[in-house]
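Quick notes on the structure that follows.
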Amino acid sequence: MVVWWCMGRVLFYPLFVGCVHGPKWMHSEGPVMSLTMMLGVSNGYLTSVLMILAPKLVPVEESEVVGIAMETFLVVGLVVGSALGWLWNL
């Protein structure tokens with residue numbers, strides 16, 4: 001069920017595009033701030049839920065390794081995203 005919620009976050013993309021190219025009422029800061037807040041809250045919530053659930057879905061012997069792998073990929077994703085964001089502004 002959580003995976004469907006994660007995939008559903010793709011719907012934010014057309015909404016953000018609508019803020020740039022859509023109707024005039026979406027060109028203000030209100031919709032952009034609301035969408036950004038909802039994207040951030042859903043990101044934090046779903047990341048926390050998946051970090052809690054994933055180690056419980058594997059055998060007990062492998063749960064520690066799964067937790068370490070998830071944490072490692074989360075940190076690598078944050079670092080790569082930050083680096084690409086920094087390079088984007090050059």
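Labels for the structure tokens follow display order: chains A, B, ..., residues from 1 in each chain, ligands from 1.
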
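Those residues that approach Met51 of chain A to within 12 Å, counting only C-alpha atoms, are Val2, Asn43, Gly44, Tyr45, Leu46, Thr47, Ser48, Val49, Leu53, Ala54, Pro55, Lys56, Leu57, Ser63, Glu64, Val66, Gly67, Ile68, Ala69, Met70, Glu71, Thr72, Phe73 and Leu74 of chain A; same-chain residues fewer than 2 positions away are not listed.
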
Store the residues picked out above in a file with N, CA, C and O atoms, as a short mmCIF file (atom, residue, chain, number, x, y, z; two decimals), in the first residue's frame.
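Result saved to selection.cif:
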data_model
loop_
_atom_site.label_atom_id
_atom_site.label_comp_id
_atom_site.auth_asym_id
_atom_site.auth_seq_id
_atom_site.Cartn_x
_atom_site.Cartn_y
_atom_site.Cartn_z
N VAL A 2 1.94 1.23 0.77
CA VAL A 2 2.81 2.41 0.85
C VAL A 2 3.49 2.68 -0.48
O VAL A 2 3.68 3.83 -0.86
N ASN A 43 7.03 13.33 1.57
CA ASN A 43 8.36 12.73 1.47
C ASN A 43 8.85 12.27 2.84
O ASN A 43 9.33 11.15 3.00
N GLY A 44 8.74 13.12 3.83
CA GLY A 44 9.18 12.75 5.18
C GLY A 44 8.38 11.60 5.76
O GLY A 44 8.94 10.67 6.34
N TYR A 45 7.07 11.65 5.59
CA TYR A 45 6.21 10.60 6.14
C TYR A 45 6.49 9.25 5.47
O TYR A 45 6.68 8.24 6.14
N LEU A 46 6.49 9.25 4.14
CA LEU A 46 6.69 7.99 3.43
C LEU A 46 8.09 7.43 3.62
O LEU A 46 8.27 6.21 3.71
N THR A 47 9.09 8.28 3.71
CA THR A 47 10.45 7.80 3.99
C THR A 47 10.50 7.15 5.36
O THR A 47 11.07 6.06 5.52
N SER A 48 9.88 7.77 6.35
CA SER A 48 9.87 7.19 7.70
C SER A 48 9.13 5.86 7.73
O SER A 48 9.60 4.89 8.33
N VAL A 49 7.98 5.80 7.08
CA VAL A 49 7.20 4.56 7.07
C VAL A 49 7.98 3.44 6.40
O VAL A 49 8.04 2.31 6.90
N LEU A 53 9.12 -0.11 7.97
CA LEU A 53 8.50 -1.35 7.48
C LEU A 53 9.48 -2.30 6.79
O LEU A 53 9.35 -3.51 6.92
N ALA A 54 10.44 -1.77 6.04
CA ALA A 54 11.31 -2.64 5.23
C ALA A 54 12.06 -3.68 6.05
O ALA A 54 12.08 -4.86 5.68
N PRO A 55 12.69 -3.33 7.17
CA PRO A 55 13.39 -4.37 7.93
C PRO A 55 12.46 -5.43 8.52
O PRO A 55 12.89 -6.55 8.80
N LYS A 56 11.18 -5.10 8.65
CA LYS A 56 10.23 -6.07 9.18
C LYS A 56 9.75 -7.05 8.12
O LYS A 56 9.14 -8.06 8.44
N LEU A 57 9.99 -6.74 6.85
CA LEU A 57 9.51 -7.57 5.76
C LEU A 57 10.50 -8.65 5.33
O LEU A 57 10.20 -9.44 4.45
N SER A 63 17.51 -8.33 8.67
CA SER A 63 16.89 -7.03 8.92
C SER A 63 17.91 -5.93 9.19
O SER A 63 17.73 -4.79 8.76
N GLU A 64 19.00 -6.25 9.88
CA GLU A 64 20.01 -5.23 10.15
C GLU A 64 20.69 -4.80 8.86
O GLU A 64 20.92 -3.60 8.64
N VAL A 66 19.40 -4.89 5.85
CA VAL A 66 18.43 -4.11 5.09
C VAL A 66 18.35 -2.68 5.63
O VAL A 66 18.31 -1.72 4.86
N GLY A 67 18.34 -2.53 6.93
CA GLY A 67 18.31 -1.20 7.53
C GLY A 67 19.54 -0.38 7.16
O GLY A 67 19.43 0.81 6.82
N ILE A 68 20.71 -1.02 7.20
CA ILE A 68 21.94 -0.31 6.84
C ILE A 68 21.92 0.07 5.36
O ILE A 68 22.31 1.18 4.99
N ALA A 69 21.46 -0.85 4.50
CA ALA A 69 21.40 -0.56 3.07
C ALA A 69 20.44 0.59 2.78
O ALA A 69 20.75 1.49 1.98
N MET A 70 19.29 0.58 3.43
CA MET A 70 18.33 1.66 3.20
C MET A 70 18.88 3.01 3.65
O MET A 70 18.72 4.02 2.96
N GLU A 71 19.52 3.03 4.80
CA GLU A 71 20.09 4.27 5.31
C GLU A 71 21.20 4.76 4.38
O GLU A 71 21.29 5.96 4.09
N THR A 72 22.02 3.84 3.88
CA THR A 72 23.11 4.21 2.98
C THR A 72 22.57 4.81 1.69
O THR A 72 23.03 5.87 1.23
N PHE A 73 21.58 4.17 1.09
CA PHE A 73 21.02 4.69 -0.15
C PHE A 73 20.27 6.00 0.07
O PHE A 73 20.26 6.86 -0.82
N LEU A 74 19.67 6.18 1.21
CA LEU A 74 19.02 7.45 1.51
C LEU A 74 20.05 8.58 1.57
O LEU A 74 19.86 9.64 0.97
#

All residues 9 Å or closer to segment 15-25 of chain A, only C-alpha atoms, same chain fewer than 4 positions away omitted, as a CSV table (one decimal) with N, CA and C atoms, in the first residue's frame:
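Contents of the output file part18.csv:
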chain,number,residue,atom,x,y,z
A,11,LEU,N,2.1,12.5,-9.3
A,11,LEU,CA,1.0,13.5,-9.7
A,11,LEU,C,1.4,14.9,-9.3
A,29,GLU,N,2.1,32.6,-5.6
A,29,GLU,CA,3.0,31.9,-4.7
A,29,GLU,C,2.2,30.9,-3.9
A,31,PRO,N,-0.3,28.5,-4.5
A,31,PRO,CA,-0.3,27.1,-4.9
A,31,PRO,C,1.1,26.4,-4.9
A,32,VAL,N,2.1,27.2,-5.2
A,32,VAL,CA,3.5,26.7,-5.2
A,32,VAL,C,3.9,26.3,-3.8
A,35,LEU,N,1.9,23.2,-2.7
A,35,LEU,CA,2.4,22.0,-3.3
A,35,LEU,C,3.8,21.6,-2.7
A,36,THR,N,4.6,22.5,-2.5
A,36,THR,CA,5.9,22.2,-1.9
A,36,THR,C,5.8,21.7,-0.5

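Of the listed residues A:Gly30, A:Leu39, A:Met1, A:Glu61, the one whose atoms come nearest to Tyr13 of chain A is A:Leu39, with distances taken using only C-alpha atoms.
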
Check: A:Val75, A:Met38, A:Leu90, A:Val3: which is nearest Leu50 of chain A, counting only C-alpha atoms?
Finding: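 Counting only C-alpha atoms, the residue closest to Leu50 of chain A is A:Val3.
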